[in-house]
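Following: one structure in structure tokens, then a few remarks.
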Amino acid sequence: MMNANALPRTDVKRSALLWGAVCLVLLGVLLSLLPQARINSSVLAMLPKQALGNIPPALNDGFMQRLDKQLVWLVSPGTQADPAAAQYWLSLLQQSHALSEVKGPMDATSQQAWGAFFWQHRNGLIDRATRERLQNGGEAQAQWILSQLYSAFSGVNGKELQNDPLMLMRGSQLALAQNGQRLRLMDGWLVTQDEQGNYWYLLHGELAGSSFDMQQTHRVVTTLSALEKQLKTNYPQAQLLARGTVFYSDHASQQAKQDISTLGVATILGVILLIVAVFRSLRPLLLCLLSICIGALAGTVATLLLFGELHLMTLVMSMSIIGISADYTLYYLTERMVHGGEVSPWQSLHKVRQALLLALLTTVAAYLIMMLAPFPGIRQMAVFAAVGLSASCLTVIFWHPWLCSKLPVRPIPAMVLLLRWLAAWRRDKRLSLGLPSALAVLSLAGIATLHVDDDIAQLQALPQGILAQEKTITQLTGQSVDQKWFVVYGSTPQQTLERLEAFAPRLEQARQAGTLGGFRLIPLNSLARQQQDLSLLHHAAPATISVLQSAGLTAVTPDLQAMPVSVDDWLASPASEGWRLMWLTLPSGESGVLVPVEGVADSAALNALAATQPGVAWVDRKSTFNALFALYRAVLTGLLCVALAVIACGAVLRLGWRKGLISLVPSLLSLGCGLAALSFSGHAVNLFSLLALVLVLGIGINYTLFFSNPCGTPLTSLLAITLAMMTTLLTLGMLVFSATQAISSFGIVLVSGIFTAFLLSPLAMPGRKERKR
């Protein structure tokens with residue numbers, strides 16, 4: 001007795017002071033990190049970094065940031081071609097200063113510059129169809145020119161023929177019109193029509209900052225919503241459609257904020273009421289809050305140091321730490337409440353320390369397994385939880401014996417019910433055999449009806465209104481955002497263009513084979529191709545002029561000089577309007593170009609096609625992520641089996657064959673019942689289900705470890721486990737009500753699995769002989 005009481009005065013006191021110094025250092029690090037820290041709310045930021053295939057990371061990031069910032073609107077005044085409503089919407093956007101750039105119609109100066117650029121560089125901007133007609137002496141080009149001359153709809157005049165007798169500029173413009181055939185130029189506006197004859201005017205904008213900034217995105221979306229009301233007030237008949245990542249990002253962030261505010265408040269209130277009701281004192285509540293806060297402090301610092309940011313989903317799912325970290329405090333305080341009159345605080349710690357550390361080890365191991373998942377948000381949660389729970393448990397071990405010395409000893413709440421429950425497990429075979437058997441049958445029935453779904457769409461419940469607008473814009477413009485494209489890249493802009501030109505025939509073959517429905521290439525030729533085209537013009541011009549002269553067109557003298565177009569000149573000109581988004585050049589000169597495709601019939605074939613070409617990558621983001629979901633689901637299934645095997649070996653070594661295998665039953669059935677509840681609730685098995693099972697195994701084993709502690713008493717252990725289960729359900733249970741499907745299914749598995757582990761935990765109860773020993 002004297003040794004146990006003397007111990008705190010030496011090493012234990014030093015350990016408590018050292019832990020206090022560590023906490024102060026953590027607080028200082030957090031205060032230094034906060035100014036640079038950010039909360040990331042983008043759904044795309046949760047996804048693996050292999051988003052754009054194997055292209056250079058800097059190009060990957062550049063394209064992702066650029067695509068995330070884009071905004072598109074279609075404004076319809078009705079069936080009359082009147083741009084007044086679109087012009088008013090443009091002025092509202094420009095006056096709001098919510099965006100860095102807004103573009104609507106092309107003014108007269110820009111149209112003149114646009115035409116002048118094509119005229120000055122007509123020999124360097126030859127399109128593919130014209131190039132094919134110039135082959136074999138240029139006879140086909142001559143016949144095409146004659147068909148344009150004699151067509152009543154072509155509008156060819158004498159001045160055009162005199163200035164450009166080979167009609168190279170007309171050919172390039174017709175090729176551009178075919179690329180964007182659903183949009184046409186009217187009074188400087190890009191306009192399309194729907195089936196009802198309504199005109200739609202296109203506007204384009206770009207965010208000033210990152211779409212990952214939660215506050216900025218919400219401010220922009222709120223501003224746009226207010227501007228739309230102004231538009232409807234002045235033009236009641238006008239219709240407005242919008243498309244952009246910012247709308248999805250804002251929806252996700254607001255949904256997560258709502259989850260945090262509503263579920264978090266309910267969680268905290270529930271835990272407070274439970275602790276105060278059981279202990280009838282505020283000190284246990286303050287001790288729980290202390291361990292939780294220090295855990296949150298350590299978890300936040302570790303996450304910010306490793307990742308530089310906190311994802312919003314990390315905060316939502318890390319609410320689970322509140323309940324788990326409270327378990328350590330509750331287990332120790334329950335021991336003190338029951339036996340505080342007989343033993344010292346450090347003797348109580350000695351009784352529960354081994355169980356606490358074993359419980360911490362299994363839970364942290366379960367969270368660290370999540371680090372294998374390729375999703376940054378889940379990795380953040382794993383680090384946050386593993387570090388936070390370790391800090392909470394160490395707080396209990398180092399500080400709580402000092403802080404709970406005067407905790408009042410009280411009778412065990414509901415002691416009669418608890419004793420009857422324990423007696424039933426000891427004496428009634430119908431319970432000790434019947435309940436596990438019934439749960440085993442229930443588990444098998446549920447597992448038999450399970451189905452697997454690795455669809456990435458389960459990450460977020462997408463708003464139907466935004467989805468409907470995006471679908472309508474796609475139908476009207478023919479420009480889809482289904483995240484399918486090729487990326488062609490090179491060390492220089494010219495190498496990128498040459499690789500694109502080498503890849504174009506393969507794309508055409510794939511289109512003819514039905515592998516894809518269509519593709520779009522930027523209307524720019526490499527300098528090498530421009531030189532080849534110039535040589536082709538020199539060979540084809542004599543025959544073409546001869547045919548035209550025989551048709552009575554004698555005054556034709558084409559200009560066959562070089563008219564080179566560099567990438568920089570093209571990007572700086574109005575000719576690249578609408579195409580610049582597809583091109584990216586880094587300061588090092590490394591360049592990349594997107595090749596959007598539509599009507600994809602065989603994504604795997606297109607991936608194989610890209611693999612045969614140097615500097616070409618196929619990007620089908622949804623299929624890639626679905627495949628990653630499936631892969632990591634299989635990996636986690638294997639890891640769960642390994643974890644169960646390790647737990648079984650440890651239990652057998654500690655408890656012997658018979659008792660060790662019996663103590664494994666709660667873990668097995670908690671996993672089975674978690675999957676069964678998932679099936680009965682209509683959800684499918686996916687990566688998130690497996691991640692939840694990892695936590696069920698890590699948390700559920702705590703109850704078995706607490707019960708199998710030979711230093712404790714079954715009644716005290718049952719009370720502690722009951723409190724731990726209730727706090728865990730109050731926290732993790734809240735996830736069931738999340739509006740995000742992935743988080744909701746995550747919560748269903750956790751709640752059902754952990755409750756099953758609680759029900760069956762008395763199976764690990766040591767016999768009287770084991771407790772005496």
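Please note that chains go A, B, ... in the order of the structure tokens, that every chain numbers its residues from 1, and that ligands are numbered from 1 in the order shown.
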Next item on the list: For A:Thr130, please output as a ChimeraX atom specification all residues within 12 Å (counting only C-alpha atoms; exclusion window: fewer than 5 positions along the same chain).
Entry: /A:122-125,135,138-145,166-175,533,536-537,540
Restricted to N, CA and C atoms, what would the selected residues look like written as a PDB file, in the first residue's frame?
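And here is the file that came out, part-v6.pdb:
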```pdb
ATOM      1  N   ARG A 122      -3.827  32.286 -92.516  1.00  0.00           N
ATOM      2  CA  ARG A 122      -4.643  31.265 -93.162  1.00  0.00           C
ATOM      3  C   ARG A 122      -3.808  30.096 -93.676  1.00  0.00           C
ATOM      4  N   ASN A 123      -2.558  30.348 -94.087  1.00  0.00           N
ATOM      5  CA  ASN A 123      -1.720  29.247 -94.570  1.00  0.00           C
ATOM      6  C   ASN A 123      -1.195  28.383 -93.428  1.00  0.00           C
ATOM      7  N   GLY A 124      -1.230  28.890 -92.205  1.00  0.00           N
ATOM      8  CA  GLY A 124      -0.756  28.112 -91.072  1.00  0.00           C
ATOM      9  C   GLY A 124      -1.857  27.451 -90.269  1.00  0.00           C
ATOM     10  N   LEU A 125      -3.120  27.773 -90.584  1.00  0.00           N
ATOM     11  CA  LEU A 125      -4.257  27.233 -89.829  1.00  0.00           C
ATOM     12  C   LEU A 125      -5.127  26.322 -90.694  1.00  0.00           C
ATOM     13  N   GLN A 135      -4.427  17.051-101.226  1.00  0.00           N
ATOM     14  CA  GLN A 135      -3.601  15.913-101.631  1.00  0.00           C
ATOM     15  C   GLN A 135      -3.808  15.609-103.124  1.00  0.00           C
ATOM     16  N   GLY A 138      -4.347  18.655-105.712  1.00  0.00           N
ATOM     17  CA  GLY A 138      -5.297  19.711-105.381  1.00  0.00           C
ATOM     18  C   GLY A 138      -6.561  19.717-106.212  1.00  0.00           C
ATOM     19  N   GLU A 139      -6.835  18.673-106.982  1.00  0.00           N
ATOM     20  CA  GLU A 139      -8.048  18.616-107.803  1.00  0.00           C
ATOM     21  C   GLU A 139      -9.302  18.693-106.930  1.00  0.00           C
ATOM     22  N   ALA A 140      -9.284  17.966-105.807  1.00  0.00           N
ATOM     23  CA  ALA A 140     -10.456  17.944-104.927  1.00  0.00           C
ATOM     24  C   ALA A 140     -10.722  19.324-104.329  1.00  0.00           C
ATOM     25  N   GLN A 141      -9.663  20.067-104.004  1.00  0.00           N
ATOM     26  CA  GLN A 141      -9.838  21.410-103.460  1.00  0.00           C
ATOM     27  C   GLN A 141     -10.477  22.333-104.494  1.00  0.00           C
ATOM     28  N   ALA A 142     -10.048  22.187-105.760  1.00  0.00           N
ATOM     29  CA  ALA A 142     -10.620  23.016-106.826  1.00  0.00           C
ATOM     30  C   ALA A 142     -12.110  22.745-106.983  1.00  0.00           C
ATOM     31  N   GLN A 143     -12.502  21.467-106.972  1.00  0.00           N
ATOM     32  CA  GLN A 143     -13.917  21.125-107.107  1.00  0.00           C
ATOM     33  C   GLN A 143     -14.725  21.652-105.917  1.00  0.00           C
ATOM     34  N   TRP A 144     -14.132  21.614-104.745  1.00  0.00           N
ATOM     35  CA  TRP A 144     -14.831  22.124-103.552  1.00  0.00           C
ATOM     36  C   TRP A 144     -15.031  23.635-103.667  1.00  0.00           C
ATOM     37  N   ILE A 145     -14.007  24.355-104.165  1.00  0.00           N
ATOM     38  CA  ILE A 145     -14.126  25.807-104.343  1.00  0.00           C
ATOM     39  C   ILE A 145     -15.251  26.123-105.318  1.00  0.00           C
ATOM     40  N   LEU A 166      -7.865  30.220-102.738  1.00  0.00           N
ATOM     41  CA  LEU A 166      -7.905  28.807-102.340  1.00  0.00           C
ATOM     42  C   LEU A 166      -8.899  28.557-101.210  1.00  0.00           C
ATOM     43  N   MET A 167      -9.565  29.619-100.746  1.00  0.00           N
ATOM     44  CA  MET A 167     -10.596  29.543 -99.699  1.00  0.00           C
ATOM     45  C   MET A 167     -10.122  28.766 -98.458  1.00  0.00           C
ATOM     46  N   LEU A 168      -8.888  29.048 -98.049  1.00  0.00           N
ATOM     47  CA  LEU A 168      -8.344  28.372 -96.869  1.00  0.00           C
ATOM     48  C   LEU A 168      -9.024  28.866 -95.596  1.00  0.00           C
ATOM     49  N   MET A 169      -9.304  30.169 -95.526  1.00  0.00           N
ATOM     50  CA  MET A 169      -9.952  30.712 -94.335  1.00  0.00           C
ATOM     51  C   MET A 169     -11.379  30.178 -94.206  1.00  0.00           C
ATOM     52  N   ARG A 170     -12.103  30.101 -95.346  1.00  0.00           N
ATOM     53  CA  ARG A 170     -13.468  29.550 -95.305  1.00  0.00           C
ATOM     54  C   ARG A 170     -13.439  28.099 -94.841  1.00  0.00           C
ATOM     55  N   GLY A 171     -12.463  27.330 -95.302  1.00  0.00           N
ATOM     56  CA  GLY A 171     -12.363  25.927 -94.898  1.00  0.00           C
ATOM     57  C   GLY A 171     -12.140  25.786 -93.401  1.00  0.00           C
ATOM     58  N   SER A 172     -11.241  26.618 -92.856  1.00  0.00           N
ATOM     59  CA  SER A 172     -10.973  26.518 -91.422  1.00  0.00           C
ATOM     60  C   SER A 172     -12.192  26.931 -90.602  1.00  0.00           C
ATOM     61  N   GLN A 173     -12.954  27.945 -91.084  1.00  0.00           N
ATOM     62  CA  GLN A 173     -14.142  28.379 -90.344  1.00  0.00           C
ATOM     63  C   GLN A 173     -15.244  27.319 -90.378  1.00  0.00           C
ATOM     64  N   LEU A 174     -15.405  26.664 -91.521  1.00  0.00           N
ATOM     65  CA  LEU A 174     -16.397  25.583 -91.600  1.00  0.00           C
ATOM     66  C   LEU A 174     -16.024  24.431 -90.673  1.00  0.00           C
ATOM     67  N   ALA A 175     -14.711  24.150 -90.564  1.00  0.00           N
ATOM     68  CA  ALA A 175     -14.266  23.085 -89.659  1.00  0.00           C
ATOM     69  C   ALA A 175     -14.567  23.456 -88.209  1.00  0.00           C
ATOM     70  N   ASP A 533       2.221  21.757 -94.657  1.00  0.00           N
ATOM     71  CA  ASP A 533       1.055  22.316 -95.344  1.00  0.00           C
ATOM     72  C   ASP A 533       1.470  23.345 -96.400  1.00  0.00           C
ATOM     73  N   LEU A 536       2.602  21.544 -99.311  1.00  0.00           N
ATOM     74  CA  LEU A 536       1.428  20.972 -99.994  1.00  0.00           C
ATOM     75  C   LEU A 536       0.709  22.033-100.824  1.00  0.00           C
ATOM     76  N   LEU A 537       0.628  23.257-100.302  1.00  0.00           N
ATOM     77  CA  LEU A 537       0.006  24.354-101.047  1.00  0.00           C
ATOM     78  C   LEU A 537       0.775  24.655-102.343  1.00  0.00           C
ATOM     79  N   ALA A 540      -0.130  21.970-104.801  1.00  0.00           N
ATOM     80  CA  ALA A 540      -1.527  21.887-105.225  1.00  0.00           C
ATOM     81  C   ALA A 540      -2.006  23.149-105.926  1.00  0.00           C
TER      82      ALA A 540
END
```
Notebook entry, point to check: Could you pull the residues within 12 Å of A:Leu444, counting only C-alpha atoms, minus those fewer than 2 positions along the same chain, as a ChimeraX atom specification?
Noted result: /A:437-442,446-450,668-669,671-677,679-680
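For the atom pair formed by atom CA of A:Gly490 and atom CA of A:Leu586, the distance is 10.8 Å, given to one decimal.
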Near A:Tyr235, counting only C-alpha atoms, which residues have an atom at most 10 Å away, once you skip same-chain residues fewer than 2 positions from it, shown as a tab-separated table (two decimals) with all heavy atoms, in the first residue's frame?
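Below is the file selection.tsv, written as the result:
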```
chain	number	residue	atom	x	y	z
A	77	PRO	N	-34.24	34.33	-73.21
A	77	PRO	CA	-35.33	35.31	-73.13
A	77	PRO	C	-36.65	34.73	-73.61
A	77	PRO	O	-37.69	35.39	-73.51
A	77	PRO	CB	-34.84	36.42	-74.06
A	77	PRO	CG	-34.03	35.70	-75.09
A	77	PRO	CD	-33.40	34.53	-74.40
A	84	ALA	N	-31.10	41.06	-74.57
A	84	ALA	CA	-31.18	42.03	-73.48
A	84	ALA	C	-31.05	41.36	-72.11
A	84	ALA	O	-30.33	41.86	-71.24
A	84	ALA	CB	-32.50	42.80	-73.58
A	85	ALA	N	-31.74	40.25	-71.90
A	85	ALA	CA	-31.68	39.56	-70.61
A	85	ALA	C	-30.28	39.04	-70.34
A	85	ALA	O	-29.76	39.15	-69.22
A	85	ALA	CB	-32.70	38.42	-70.56
A	86	ALA	N	-29.64	38.47	-71.38
A	86	ALA	CA	-28.28	37.96	-71.23
A	86	ALA	C	-27.31	39.12	-70.94
A	86	ALA	O	-26.40	38.98	-70.11
A	86	ALA	CB	-27.86	37.21	-72.49
A	88	TYR	N	-28.07	41.90	-69.43
A	88	TYR	CA	-28.32	42.35	-68.07
A	88	TYR	C	-27.64	41.40	-67.06
A	88	TYR	O	-27.05	41.85	-66.08
A	88	TYR	CB	-29.82	42.42	-67.81
A	88	TYR	CG	-30.18	42.90	-66.42
A	88	TYR	CD1	-29.91	44.21	-66.03
A	88	TYR	CD2	-30.77	42.04	-65.50
A	88	TYR	CE1	-30.24	44.65	-64.75
A	88	TYR	CE2	-31.10	42.47	-64.23
A	88	TYR	CZ	-30.83	43.78	-63.86
A	88	TYR	OH	-31.14	44.22	-62.60
A	89	TRP	N	-27.72	40.09	-67.31
A	89	TRP	CA	-27.06	39.11	-66.44
A	89	TRP	C	-25.55	39.31	-66.46
A	89	TRP	O	-24.88	39.25	-65.41
A	89	TRP	CB	-27.42	37.70	-66.88
A	89	TRP	CG	-26.76	36.62	-66.07
A	89	TRP	CD1	-25.85	35.70	-66.50
A	89	TRP	CD2	-26.98	36.31	-64.68
A	89	TRP	NE1	-25.48	34.87	-65.48
A	89	TRP	CE2	-26.16	35.23	-64.35
A	89	TRP	CE3	-27.79	36.88	-63.69
A	89	TRP	CZ2	-26.12	34.68	-63.07
A	89	TRP	CZ3	-27.75	36.34	-62.42
A	89	TRP	CH2	-26.92	35.25	-62.12
A	229	LYS	N	-32.19	36.45	-58.53
A	229	LYS	CA	-33.47	37.05	-58.14
A	229	LYS	C	-33.66	38.41	-58.81
A	229	LYS	O	-34.77	38.76	-59.24
A	229	LYS	CB	-33.55	37.18	-56.62
A	229	LYS	CG	-33.64	35.85	-55.90
A	229	LYS	CD	-33.66	36.03	-54.38
A	229	LYS	CE	-33.73	34.68	-53.67
A	229	LYS	NZ	-33.69	34.83	-52.20
A	230	GLN	N	-32.54	39.17	-58.90
A	230	GLN	CA	-32.62	40.47	-59.59
A	230	GLN	C	-32.97	40.27	-61.06
A	230	GLN	O	-33.77	41.02	-61.64
A	230	GLN	CB	-31.29	41.20	-59.47
A	230	GLN	CG	-30.99	41.72	-58.08
A	230	GLN	CD	-29.74	42.58	-58.07
A	230	GLN	OE1	-29.53	43.42	-58.95
A	230	GLN	NE2	-28.88	42.37	-57.07
A	231	LEU	N	-32.35	39.26	-61.69
A	231	LEU	CA	-32.62	38.98	-63.10
A	231	LEU	C	-34.10	38.64	-63.30
A	231	LEU	O	-34.75	39.15	-64.22
A	231	LEU	CB	-31.74	37.83	-63.58
A	231	LEU	CG	-32.00	37.32	-65.01
A	231	LEU	CD1	-31.62	38.38	-66.05
A	231	LEU	CD2	-31.25	36.02	-65.27
A	232	LYS	N	-34.65	37.79	-62.41
A	232	LYS	CA	-36.05	37.37	-62.55
A	232	LYS	C	-36.99	38.55	-62.28
A	232	LYS	O	-38.10	38.60	-62.83
A	232	LYS	CB	-36.34	36.22	-61.58
A	232	LYS	CG	-35.60	34.93	-61.91
A	232	LYS	CD	-36.07	34.35	-63.23
A	232	LYS	CE	-35.34	33.08	-63.60
A	232	LYS	NZ	-35.58	31.96	-62.69
A	233	THR	N	-36.55	39.49	-61.43
A	233	THR	CA	-37.39	40.66	-61.16
A	233	THR	C	-37.50	41.55	-62.40
A	233	THR	O	-38.59	42.04	-62.72
A	233	THR	CB	-36.80	41.46	-59.99
A	233	THR	OG1	-36.73	40.63	-58.83
A	233	THR	CG2	-37.66	42.69	-59.68
A	237	GLN	N	-39.74	36.57	-67.55
A	237	GLN	CA	-39.86	35.43	-68.47
A	237	GLN	C	-38.52	34.74	-68.71
A	237	GLN	O	-38.48	33.66	-69.33
A	237	GLN	CB	-40.45	35.91	-69.82
A	237	GLN	CG	-39.45	36.58	-70.76
A	237	GLN	CD	-39.06	38.00	-70.31
A	237	GLN	OE1	-39.57	38.49	-69.32
A	237	GLN	NE2	-38.16	38.63	-71.06
A	238	ALA	N	-37.43	35.34	-68.25
A	238	ALA	CA	-36.10	34.79	-68.54
A	238	ALA	C	-35.85	33.50	-67.75
A	238	ALA	O	-36.35	33.32	-66.63
A	238	ALA	CB	-35.02	35.82	-68.20
A	239	GLN	N	-35.09	32.60	-68.37
A	239	GLN	CA	-34.67	31.37	-67.72
A	239	GLN	C	-33.15	31.38	-67.60
A	239	GLN	O	-32.45	31.89	-68.48
A	239	GLN	CB	-35.09	30.15	-68.53
A	239	GLN	CG	-36.60	30.01	-68.72
A	239	GLN	CD	-36.94	28.79	-69.55
A	239	GLN	OE1	-36.72	27.66	-69.12
A	239	GLN	NE2	-37.46	29.01	-70.76
```
Interface rows for stretch 299-370 of chain A against stretch 413-436 of chain A: nearest pair, Å to one decimal, 12 Å, only C-alpha atoms, as a tab-separated table:
```
residue	atom	partner	partner_atom	distance
A:Thr334	CA	A:Pro413	CA	10.7
A:Met337	CA	A:Pro413	CA	10.7
A:Val338	CA	A:Pro413	CA	10.2
```
Those same residues - N, CA and C atoms - I'd like them written as a PDB file, in the first residue's frame.
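Result went into again-v3.pdb, see below:
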```
ATOM      1  N   THR A 334     -15.222   5.008 -13.589  1.00  0.00           N
ATOM      2  CA  THR A 334     -16.152   4.004 -13.057  1.00  0.00           C
ATOM      3  C   THR A 334     -15.467   3.176 -11.982  1.00  0.00           C
ATOM      4  N   MET A 337     -15.360   5.377  -8.974  1.00  0.00           N
ATOM      5  CA  MET A 337     -16.670   5.599  -8.356  1.00  0.00           C
ATOM      6  C   MET A 337     -17.091   4.394  -7.511  1.00  0.00           C
ATOM      7  N   VAL A 338     -16.731   3.195  -7.980  1.00  0.00           N
ATOM      8  CA  VAL A 338     -17.153   1.982  -7.285  1.00  0.00           C
ATOM      9  C   VAL A 338     -16.194   1.632  -6.152  1.00  0.00           C
TER      10      VAL A 338
END
```
Check: atom CA of A:Ala98 and atom CA of A:Asp250 are how many Å apart?
Finding: 14.7 Å
Check: Running DSSP on the backbone, which parts of stretch 604-713 of chain A land in helix (DSSP H, G or I), as a ChimeraX atom specification?
Finding: /A:604-611,621-655,657-680,687-707
Next item on the list: Just the strand (DSSP E or B) stuff from stretch 88-130 of chain A, please, per backbone DSSP, written as a ChimeraX atom specification.
Entry: /A:99-103
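The shortest atom-to-atom distance to A:Met563, with only C-alpha atoms taken into account, belongs to A:Phe117 out of A:Phe117, A:Trp200, A:Phe758, A:Phe63.
For A:Ala468, the list of residues within 12 Å, based on only C-alpha atoms and with local chain neighbours fewer than 6 positions off taken out, reads Leu241, Ala242, Arg243, Leu462, Thr474 and Gln475 of chain A.
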Written file, previous selection with C-alpha atoms, as a short mmCIF file (atom, residue, chain, number, x, y, z; two decimals), in the first residue's frame:
```cif
data_model
loop_
_atom_site.label_atom_id
_atom_site.label_comp_id
_atom_site.auth_asym_id
_atom_site.auth_seq_id
_atom_site.Cartn_x
_atom_site.Cartn_y
_atom_site.Cartn_z
CA LEU A 241 -29.08 27.64 -66.23
CA ALA A 242 -25.74 27.37 -64.40
CA ARG A 243 -22.96 24.82 -64.30
CA LEU A 462 -25.74 15.25 -55.41
CA THR A 474 -24.99 19.48 -72.02
CA GLN A 475 -27.95 18.84 -74.32
#
```
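Between atom CA of A:Ala608 and atom CA of A:Ile522 the separation is 22.8 Å.
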Item checked: All residues 9 Å or closer to stretch 564-576 of chain A, only C-alpha atoms, same chain fewer than 2 positions away omitted, as a VMD selection string -> chain A and resid 110 to 111 113 to 115 117 to 118 121 123 to 125 493 to 494 522 to 527 530 to 531 562 578 to 580 583
Selected residues written out, C-alpha atoms, as a CSV table (one decimal), in the first residue's frame:
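And here's result-v7.csv as it stands now:
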```csv
chain,number,residue,atom,x,y,z
A,110,SER,CA,-12.7,41.6,-81.1
A,111,GLN,CA,-14.6,40.2,-84.1
A,113,ALA,CA,-9.2,41.1,-84.6
A,114,TRP,CA,-10.6,37.5,-84.8
A,115,GLY,CA,-11.1,37.7,-88.6
A,117,PHE,CA,-5.9,36.8,-87.2
A,118,PHE,CA,-7.4,34.0,-89.4
A,121,HIS,CA,-2.4,33.1,-90.7
A,123,ASN,CA,-1.7,29.2,-94.6
A,124,GLY,CA,-0.8,28.1,-91.1
A,125,LEU,CA,-4.3,27.2,-89.8
A,493,PRO,CA,4.5,23.1,-76.8
A,494,GLN,CA,5.6,22.0,-80.2
A,522,ILE,CA,-7.8,22.4,-80.8
A,523,PRO,CA,-7.6,24.1,-84.2
A,524,LEU,CA,-3.8,24.7,-84.1
A,525,ASN,CA,-1.0,23.0,-86.1
A,526,SER,CA,2.6,22.4,-85.0
A,527,LEU,CA,5.3,24.4,-86.8
A,530,GLN,CA,2.5,24.1,-90.9
A,531,GLN,CA,5.7,23.7,-93.0
A,562,ALA,CA,4.7,31.2,-94.8
A,578,GLY,CA,-13.3,29.0,-76.0
A,579,TRP,CA,-10.2,26.8,-76.5
A,580,ARG,CA,-7.7,28.2,-73.9
A,583,TRP,CA,-4.3,24.1,-73.2
```
List as an mmCIF file with C-alpha atoms, in the first residue's frame the protein and nucleic acid residues near A:Arg633, meaning an atom at most 8 Å away when only C-alpha atoms are counted, but skip any in the same chain fewer than 4 places from it.
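For reference, result31.cif as written:
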```cif
data_model
loop_
_atom_site.group_PDB
_atom_site.id
_atom_site.type_symbol
_atom_site.label_atom_id
_atom_site.label_comp_id
_atom_site.auth_asym_id
_atom_site.auth_seq_id
_atom_site.Cartn_x
_atom_site.Cartn_y
_atom_site.Cartn_z
ATOM 1 C CA PHE A 629 -12.940 1.524 -54.720
ATOM 2 C CA THR A 637 -11.201 -7.399 -46.690
ATOM 3 C CA ASN A 686 -18.402 -0.692 -50.593
ATOM 4 C CA LEU A 687 -15.100 0.663 -49.371
ATOM 5 C CA LEU A 690 -15.208 -2.058 -44.927
#
```
Next item on the list: Pick out the residues sitting within 7 Å of A:Tyr201, and hand them over as a PyMOL selection string; count only C-alpha atoms, and ignore anything fewer than 5 positions along from it in its own chain.
Entry: chain A and resi 74-76+86+189-192
